[in-house]
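my_file.txt (compact mmCIF, C-alpha atoms and all ligand atoms)
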```txt
# COMPACT_ATOMS: atom_id res chain seq x y z
CA MET A 1 29.32 -56.19 -49.26
CA PRO A 2 31.34 -56.26 -46.06
CA GLU A 3 30.30 -58.90 -43.55
CA LEU A 4 30.90 -59.15 -39.82
CA PRO A 5 34.65 -59.93 -39.96
CA GLU A 6 35.32 -56.98 -42.26
CA VAL A 7 33.34 -54.62 -40.03
CA GLU A 8 35.15 -55.93 -36.97
CA THR A 9 38.44 -55.30 -38.77
CA VAL A 10 37.36 -51.72 -39.47
CA ARG A 11 36.37 -51.32 -35.81
CA ARG A 12 39.80 -52.47 -34.74
CA GLY A 13 41.37 -49.99 -37.16
CA LEU A 14 39.29 -47.05 -35.90
CA GLN A 15 39.58 -47.81 -32.18
CA PRO A 16 43.20 -46.63 -31.68
CA VAL A 17 42.74 -43.34 -33.55
CA MET A 18 39.24 -42.40 -32.36
CA ALA A 19 38.72 -43.83 -28.88
CA GLY A 20 39.83 -41.39 -26.20
CA ALA A 21 40.15 -38.54 -28.71
CA ARG A 22 37.89 -35.53 -29.13
CA ILE A 23 36.17 -34.79 -32.42
CA VAL A 24 37.51 -31.31 -33.17
CA ARG A 25 35.83 -30.73 -36.50
CA VAL A 26 33.48 -32.62 -38.80
CA GLU A 27 33.15 -32.07 -42.54
CA ALA A 28 29.84 -33.32 -43.88
CA ARG A 29 30.33 -32.80 -47.59
CA ARG A 30 26.84 -33.86 -48.63
CA PRO A 31 23.51 -33.93 -46.83
CA ASP A 32 22.83 -37.63 -47.22
CA LEU A 33 24.15 -41.14 -47.65
CA ARG A 34 21.52 -43.90 -47.90
CA ARG A 35 19.45 -41.68 -45.65
CA PRO A 36 19.80 -37.97 -44.87
CA LEU A 37 22.40 -37.19 -42.22
CA PRO A 38 20.72 -35.90 -39.04
CA ARG A 39 19.96 -32.19 -39.38
CA ASP A 40 22.27 -31.27 -36.48
CA PHE A 41 24.86 -33.93 -37.39
CA VAL A 42 27.97 -31.71 -37.17
CA LYS A 43 26.79 -29.85 -34.07
CA ARG A 44 26.13 -33.03 -32.09
CA LEU A 45 29.56 -34.44 -32.94
CA GLU A 46 31.97 -31.52 -32.70
CA GLY A 47 33.54 -31.16 -29.26
CA GLN A 48 32.52 -34.66 -28.14
CA THR A 49 35.03 -37.22 -26.98
CA VAL A 50 34.73 -40.71 -28.44
CA THR A 51 34.74 -43.00 -25.43
CA GLY A 52 34.83 -46.25 -27.40
CA ILE A 53 34.11 -47.90 -30.76
CA GLY A 54 31.80 -50.90 -30.58
CA ARG A 55 30.06 -53.12 -33.09
CA ARG A 56 26.63 -54.74 -33.31
CA ALA A 57 26.12 -57.04 -36.32
CA LYS A 58 27.46 -54.98 -39.24
CA TYR A 59 26.98 -51.63 -37.49
CA LEU A 60 29.81 -49.60 -35.97
CA ILE A 61 28.87 -47.74 -32.81
CA ALA A 62 30.97 -44.75 -31.69
CA GLU A 63 30.13 -43.90 -28.08
CA LEU A 64 30.22 -40.16 -27.41
CA SER A 65 30.78 -38.27 -24.16
CA SER A 66 27.44 -36.49 -24.72
CA GLY A 67 25.52 -39.74 -24.20
CA ASP A 68 24.74 -40.05 -27.89
CA VAL A 69 26.09 -42.78 -30.12
CA LEU A 70 27.12 -42.37 -33.74
CA LEU A 71 25.69 -45.37 -35.57
CA MET A 72 27.52 -46.19 -38.81
CA HIS A 73 27.09 -48.79 -41.56
CA LEU A 74 29.44 -49.32 -44.51
CA GLY A 75 26.65 -50.24 -46.93
CA MET A 76 27.89 -51.80 -50.18
CA SER A 77 31.04 -49.82 -50.86
CA GLY A 78 31.84 -47.70 -47.80
CA SER A 79 35.32 -47.59 -46.31
CA PHE A 80 37.24 -45.58 -43.76
CA ARG A 81 40.67 -44.12 -44.33
CA VAL A 82 42.89 -42.94 -41.56
CA GLY A 83 45.44 -40.17 -42.10
CA ARG A 84 47.33 -37.47 -40.29
CA GLU A 85 46.59 -33.74 -40.41
CA ASN A 86 49.04 -31.90 -42.74
CA ASP A 87 50.87 -35.06 -43.63
CA THR A 88 50.04 -37.15 -46.64
CA LYS A 89 52.92 -39.55 -45.99
CA THR A 90 52.59 -42.56 -43.79
CA PRO A 91 53.19 -41.89 -40.09
CA GLY A 92 51.76 -44.39 -37.68
CA GLY A 93 52.02 -47.23 -40.12
CA PHE A 94 49.05 -46.17 -42.24
CA HIS A 95 49.44 -46.00 -45.97
CA HIS A 96 47.14 -45.75 -48.96
CA PRO A 97 48.25 -47.82 -51.91
CA ARG A 98 44.97 -47.16 -53.72
CA PRO A 99 43.77 -43.68 -52.71
CA ALA A 100 40.00 -43.46 -52.89
CA ALA A 101 38.51 -40.91 -55.28
CA PRO A 102 38.19 -37.68 -53.24
CA ALA A 103 34.81 -37.02 -54.87
CA HIS A 104 33.44 -39.87 -52.75
CA ASP A 105 34.93 -38.65 -49.46
CA HIS A 106 31.62 -37.73 -47.83
CA VAL A 107 32.40 -37.30 -44.15
CA VAL A 108 35.72 -36.35 -42.53
CA PHE A 109 36.36 -36.45 -38.78
CA HIS A 110 39.28 -34.34 -37.53
CA MET A 111 40.38 -35.80 -34.19
CA SER A 112 42.25 -34.10 -31.34
CA SER A 113 44.96 -36.74 -31.75
CA GLY A 114 45.81 -35.20 -35.11
CA ALA A 115 44.27 -38.10 -37.00
CA THR A 116 41.72 -37.62 -39.74
CA VAL A 117 39.16 -40.33 -40.37
CA THR A 118 37.56 -40.13 -43.80
CA PHE A 119 34.44 -42.02 -44.86
CA ASN A 120 34.46 -42.76 -48.59
CA ASP A 121 31.42 -44.36 -50.23
CA PRO A 122 31.04 -44.32 -54.05
CA ARG A 123 27.63 -46.01 -54.08
CA ARG A 124 26.31 -44.23 -50.99
CA PHE A 125 24.48 -47.14 -49.36
CA GLY A 126 26.33 -46.31 -46.14
CA LEU A 127 24.61 -44.86 -43.13
CA MET A 128 25.38 -42.42 -40.30
CA LEU A 129 22.84 -41.67 -37.61
CA ILE A 130 23.03 -40.18 -34.13
CA VAL A 131 20.97 -41.94 -31.49
CA PRO A 132 20.78 -41.35 -27.71
CA ARG A 133 22.47 -44.37 -26.12
CA GLY A 134 19.39 -45.23 -24.10
CA GLU A 135 17.31 -45.53 -27.27
CA LEU A 136 19.77 -47.68 -29.20
CA ALA A 137 18.46 -51.14 -28.25
CA ALA A 138 14.92 -50.21 -29.29
CA HIS A 139 16.03 -48.46 -32.50
CA PRO A 140 14.32 -49.90 -35.62
CA LEU A 141 17.70 -50.91 -37.08
CA MET A 142 18.75 -52.71 -33.89
CA ARG A 143 15.70 -54.23 -32.25
CA GLU A 144 15.13 -57.04 -34.78
CA LEU A 145 18.74 -58.21 -34.83
CA GLY A 146 19.40 -61.75 -33.67
CA PRO A 147 22.27 -62.75 -31.37
CA GLU A 148 25.92 -61.99 -32.12
CA PRO A 149 27.39 -65.20 -33.56
CA LEU A 150 30.62 -64.83 -31.58
CA GLY A 151 28.81 -64.08 -28.32
CA ASN A 152 28.40 -66.67 -25.57
CA ALA A 153 24.62 -66.50 -25.87
CA PHE A 154 24.74 -67.90 -29.40
CA ASP A 155 24.83 -71.67 -29.12
CA ALA A 156 23.28 -74.78 -30.66
CA SER A 157 20.14 -74.55 -28.51
CA LEU A 158 19.47 -70.99 -29.61
CA LEU A 159 20.08 -71.68 -33.31
CA ALA A 160 18.02 -74.86 -33.31
CA ALA A 161 15.12 -73.15 -31.55
CA ALA A 162 15.22 -70.34 -34.12
CA CYS A 163 15.25 -72.82 -37.03
CA ALA A 164 12.70 -75.29 -35.67
CA GLY A 165 9.59 -75.23 -37.83
CA LYS A 166 11.30 -73.13 -40.54
CA LYS A 167 10.51 -74.35 -44.04
CA THR A 168 13.20 -72.16 -45.61
CA SER A 169 16.59 -73.53 -46.62
CA LEU A 170 19.34 -73.67 -44.04
CA LYS A 171 21.33 -71.15 -46.11
CA ALA A 172 18.41 -68.70 -46.08
CA ALA A 173 18.08 -69.10 -42.31
CA LEU A 174 21.74 -68.30 -41.76
CA ILE A 175 21.60 -65.01 -43.63
CA ASP A 176 18.36 -64.01 -41.87
CA GLN A 177 19.58 -61.22 -39.55
CA THR A 178 16.82 -61.95 -37.03
CA ILE A 179 18.17 -65.49 -36.50
CA VAL A 180 21.85 -64.60 -36.26
CA ALA A 181 23.27 -61.11 -36.78
CA GLY A 182 26.05 -60.17 -39.17
CA LEU A 183 26.35 -63.38 -41.17
CA GLY A 184 26.14 -62.80 -44.94
CA ASN A 185 26.42 -64.79 -48.11
CA ILE A 186 30.15 -65.51 -47.95
CA TYR A 187 30.47 -66.77 -44.40
CA ALA A 188 27.15 -68.64 -44.50
CA CYS A 189 28.52 -70.67 -47.44
CA GLU A 190 31.84 -71.20 -45.69
CA ALA A 191 30.26 -72.29 -42.41
CA LEU A 192 27.94 -74.78 -44.14
CA HIS A 193 30.90 -76.35 -45.93
CA ARG A 194 32.88 -76.68 -42.70
CA ALA A 195 29.87 -78.27 -41.02
CA ARG A 196 29.34 -80.52 -44.08
CA LEU A 197 25.70 -79.50 -44.29
CA SER A 198 23.90 -78.84 -47.57
CA PRO A 199 22.70 -75.26 -48.04
CA LYS A 200 19.52 -76.74 -49.57
CA ARG A 201 18.59 -78.69 -46.44
CA ARG A 202 15.49 -77.48 -44.61
CA ALA A 203 16.41 -75.19 -41.72
CA SER A 204 14.17 -77.19 -39.39
CA THR A 205 16.37 -80.30 -39.79
CA ILE A 206 18.96 -78.98 -37.32
CA ALA A 207 16.38 -79.29 -34.54
CA ALA A 208 14.89 -82.39 -32.99
CA ARG A 209 11.19 -82.55 -32.23
CA GLY A 210 10.43 -79.87 -29.66
CA GLY A 211 13.21 -77.61 -30.95
CA ALA A 212 16.16 -79.17 -29.13
CA PRO A 213 19.47 -79.05 -31.03
CA ASN A 214 20.83 -82.13 -32.78
CA ASP A 215 24.41 -82.87 -33.88
CA ARG A 216 23.92 -80.80 -37.05
CA ALA A 217 23.10 -77.72 -34.99
CA ARG A 218 26.14 -78.26 -32.81
CA ALA A 219 28.43 -78.73 -35.83
CA LEU A 220 26.98 -75.66 -37.53
CA VAL A 221 27.40 -73.34 -34.56
CA ALA A 222 31.01 -74.50 -34.12
CA ALA A 223 31.64 -73.91 -37.83
CA ILE A 224 30.09 -70.42 -37.77
CA LYS A 225 32.22 -69.35 -34.82
CA ALA A 226 35.37 -70.85 -36.34
CA VAL A 227 34.94 -69.32 -39.78
CA LEU A 228 34.26 -65.86 -38.35
CA ALA A 229 37.15 -66.06 -35.89
CA ASP A 230 39.51 -67.15 -38.66
CA ALA A 231 38.35 -64.31 -40.91
CA ILE A 232 38.80 -61.70 -38.19
CA LYS A 233 42.22 -63.12 -37.50
CA ALA A 234 43.15 -62.78 -41.15
CA GLY A 235 42.08 -59.15 -41.06
CA GLY A 236 38.82 -59.56 -42.87
CA SER A 237 38.33 -60.36 -46.49
CA SER A 238 38.28 -57.66 -49.06
CA LEU A 239 36.22 -58.70 -52.02
CA ARG A 240 35.91 -56.19 -54.81
CA ASP A 241 36.04 -52.62 -53.56
CA HIS A 242 35.95 -53.11 -49.82
CA ARG A 243 39.06 -51.87 -48.07
CA ARG A 244 40.42 -52.02 -44.58
CA THR A 245 40.64 -48.75 -42.66
CA ASP A 246 44.32 -48.41 -43.36
CA GLY A 247 43.78 -48.76 -47.09
CA GLU A 248 45.17 -52.23 -47.36
CA LEU A 249 43.30 -55.09 -48.94
CA GLY A 250 42.72 -58.07 -46.69
CA LEU A 251 43.99 -61.52 -47.50
CA PHE A 252 41.26 -63.85 -46.31
CA GLN A 253 39.70 -64.24 -49.76
CA HIS A 254 42.57 -66.56 -50.65
CA HIS A 255 41.43 -68.96 -47.95
CA PHE A 256 37.80 -69.44 -48.96
CA ARG A 257 36.91 -73.11 -49.16
CA VAL A 258 33.86 -72.82 -51.41
CA TYR A 259 32.95 -69.15 -51.93
CA ASP A 260 33.60 -68.06 -55.53
CA ARG A 261 35.25 -71.42 -56.29
CA ASP A 262 32.66 -72.76 -58.76
CA GLY A 263 34.12 -75.70 -60.71
CA GLU A 264 37.18 -76.08 -58.48
CA PRO A 265 37.97 -79.19 -56.43
CA CYS A 266 36.53 -79.49 -52.94
CA VAL A 267 39.19 -79.06 -50.26
CA THR A 268 37.66 -81.56 -47.83
CA PRO A 269 40.28 -84.33 -47.49
CA GLY A 270 39.29 -87.43 -49.44
CA CYS A 271 36.09 -85.84 -50.85
CA GLY A 272 36.99 -85.56 -54.54
CA GLY A 273 33.91 -83.45 -55.24
CA THR A 274 33.66 -80.26 -57.27
CA VAL A 275 32.36 -76.98 -55.88
CA ARG A 276 29.10 -75.88 -57.47
CA ARG A 277 27.28 -72.57 -57.66
CA ILE A 278 23.51 -72.49 -57.33
CA VAL A 279 21.11 -69.59 -56.84
CA GLN A 280 18.97 -69.47 -53.69
CA ASN A 281 16.63 -66.56 -53.06
CA GLY A 282 18.40 -64.60 -55.77
CA ARG A 283 21.84 -65.03 -54.20
CA SER A 284 24.74 -67.25 -55.23
CA THR A 285 25.42 -70.24 -53.01
CA PHE A 286 28.66 -72.20 -53.35
CA TYR A 287 28.82 -75.72 -51.95
CA CYS A 288 30.12 -79.24 -52.51
CA PRO A 289 27.30 -81.67 -53.37
CA VAL A 290 29.49 -84.63 -52.39
CA CYS A 291 30.46 -83.91 -48.78
CA GLN A 292 27.69 -81.46 -47.82
CA LYS A 293 24.56 -83.43 -47.00
ZN ZN B 1 33.41 -81.98 -50.76
```
Please, can you express the file's structure as structure tokens?
Ligand SMILES: [Zn+2]
Amino acid sequence: MPELPEVETVRRGLQPVMAGARIVRVEARRPDLRRPLPRDFVKRLEGQTVTGIGRRAKYLIAELSSGDVLLMHLGMSGSFRVGRENDTKTPGGFHHPRPAAPAHDHVVFHMSSGATVTFNDPRRFGLMLIVPRGELAAHPLMRELGPEPLGNAFDASLLAAACAGKKTSLKAALIDQTIVAGLGNIYACEALHRARLSPKRRASTIAARGGAPNDRARALVAAIKAVLADAIKAGGSSLRDHRRTDGELGLFQHHFRVYDRDGEPCVTPGCGGTVRRIVQNGRSTFYCPVCQK
């Protein structure tokens, strides 16, 4: 499943072809993804100019000149492909080394720039909704989301306060979207390794009495920001069937320190430990029992 860096990479791929362009025509090839498309989906999109492409947690937010926003989520297997009208070659630097099965091309946006943006989603856990901009913050999918981990508001005080009194594991707290938004299994494991904190540690142990942050909270916040920034820089990871908007697989997966490295040596200098896989709350956790305490 794509996490924040992958979604941010998709946003950066869509921005140049959609922002500032008008949506000339929309093909909605089926009535639903994870949820039904809005009844007037095509009508509310056609003719509108996209004024910007934003992101909140793992949601993409296309701002429309009508005052609506198109809220999109990639789900488990969704991807966007960018092409050119009447040209299957590769102008603009986009190319498709692994063309997605056309049967799973569910929504196609034809832009006034001549670009086509195709949403492909074999498993159909993706989502597209249209919401008036003024109602977005209070929308059920948005209102529970915690702070953006790369935002200035997210710091050690905030994370410690959110974890104080929590009896869950630190790993579980990190993937709780109400505590911090957009962090998933992969980058939670990576951040904990960088911070040298055990995923099994109680979440409350990053806060002092009264909820103030301790050194663990400070190290963890720094690690979260660093691991996400590095991943975005590398163009997002591309595990399994997730693809970047231009069809290329990302490269970040080669740089994981613990994720999917069960049985391999820990990369912490001088550690000598071996990465282990355990299951927490039904999800795989990868960590080094020697240097993560
Ligand atoms: Zn280690």
> Hey, which residues come within 10 Å of ligand ZN 1 (chain B) if we count only C-alpha atoms and all ligand atoms? Could you give them as a PyMOL selection string?
Replying inline: chain A and resi 193-194+196+257-258+265-275+287-293
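Counting only C-alpha atoms, the residue from A:Ala229, A:Ala115, A:Met128, A:Thr285 that sits nearest to Leu192 of chain A is A:Thr285.
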> Which one is closest to Ile23 of chain A: A:Glu46, A:Asp176, A:Glu148, A:Asp155? Count all atoms listed in the file.
Replying inline: A:Glu46
Go through segment 60-158 of chain A and flag each residue having an atom no more than 9 Å from segment 12-17 of chain A; for those, report the closest pair of atoms plus their distance in Å to one decimal, using only C-alpha atoms, ordered by chain and rising number, as a Markdown table.
```
| residue | atom | partner | partner_atom | distance |
| --- | --- | --- | --- | --- |
| A:Phe80 | CA | A:Leu14 | CA | 8.3 |
| A:Val82 | CA | A:Leu14 | CA | 7.9 |
| A:Met111 | CA | A:Val17 | CA | 7.9 |
| A:Ser113 | CA | A:Val17 | CA | 7.2 |
| A:Gly114 | CA | A:Val17 | CA | 8.8 |
| A:Ala115 | CA | A:Val17 | CA | 6.5 |
| A:Thr116 | CA | A:Val17 | CA | 8.5 |
| A:Val117 | CA | A:Leu14 | CA | 8.1 |
```
Spatial neighbours of Pro38 of chain A, max dist 12 Å, all atoms listed in the file, sep filter under 2 positions, as a short mmCIF file (atom, residue, chain, number, x, y, z; two decimals) with C-alpha atoms, in the frame of the given file:
```
data_model
loop_
_atom_site.label_atom_id
_atom_site.label_comp_id
_atom_site.auth_asym_id
_atom_site.auth_seq_id
_atom_site.Cartn_x
_atom_site.Cartn_y
_atom_site.Cartn_z
CA ALA A 28 29.84 -33.32 -43.88
CA ARG A 30 26.84 -33.86 -48.63
CA PRO A 31 23.51 -33.93 -46.83
CA ASP A 32 22.83 -37.63 -47.22
CA LEU A 33 24.15 -41.14 -47.65
CA ARG A 34 21.52 -43.90 -47.90
CA ARG A 35 19.45 -41.68 -45.65
CA PRO A 36 19.80 -37.97 -44.87
CA ASP A 40 22.27 -31.27 -36.48
CA PHE A 41 24.86 -33.93 -37.39
CA VAL A 42 27.97 -31.71 -37.17
CA LYS A 43 26.79 -29.85 -34.07
CA ARG A 44 26.13 -33.03 -32.09
CA LEU A 45 29.56 -34.44 -32.94
CA LEU A 70 27.12 -42.37 -33.74
CA LEU A 71 25.69 -45.37 -35.57
CA LEU A 127 24.61 -44.86 -43.13
CA MET A 128 25.38 -42.42 -40.30
CA LEU A 129 22.84 -41.67 -37.61
CA ILE A 130 23.03 -40.18 -34.13
CA VAL A 131 20.97 -41.94 -31.49
#
```
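Considering all atoms listed in the file, the residue among A:Ala156, A:Ala162, A:Ile186, A:Ile232 positioned nearest to Asp215 of chain A is A:Ala156.
When all atoms listed in the file are used to measure the gap to Glu27 of chain A, the shortest distance among A:Asp68, A:Glu3, A:Glu135, A:Asp105 belongs to A:Asp105.
By all atoms listed in the file, and with residues fewer than 3 positions from Val221 of chain A along its chain excluded, the set lying at most 8 Å from it is Phe154, Asp155, Ala156, Leu159, Ala217, Arg218, Ile224 and Lys225 of chain A.
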>> Excluding segment 55-66 of chain A and its own-chain neighbours fewer than 6 positions away, which residues fall within 6 Å of it when counting only C-alpha atoms? Please give them as a PyMOL selection string.
In response: chain A and resi 4+7+48-49+72-73+181-182
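Atom CA of Cys189 of chain A lies 12.2 Å from atom CA of Asp262 of chain A.
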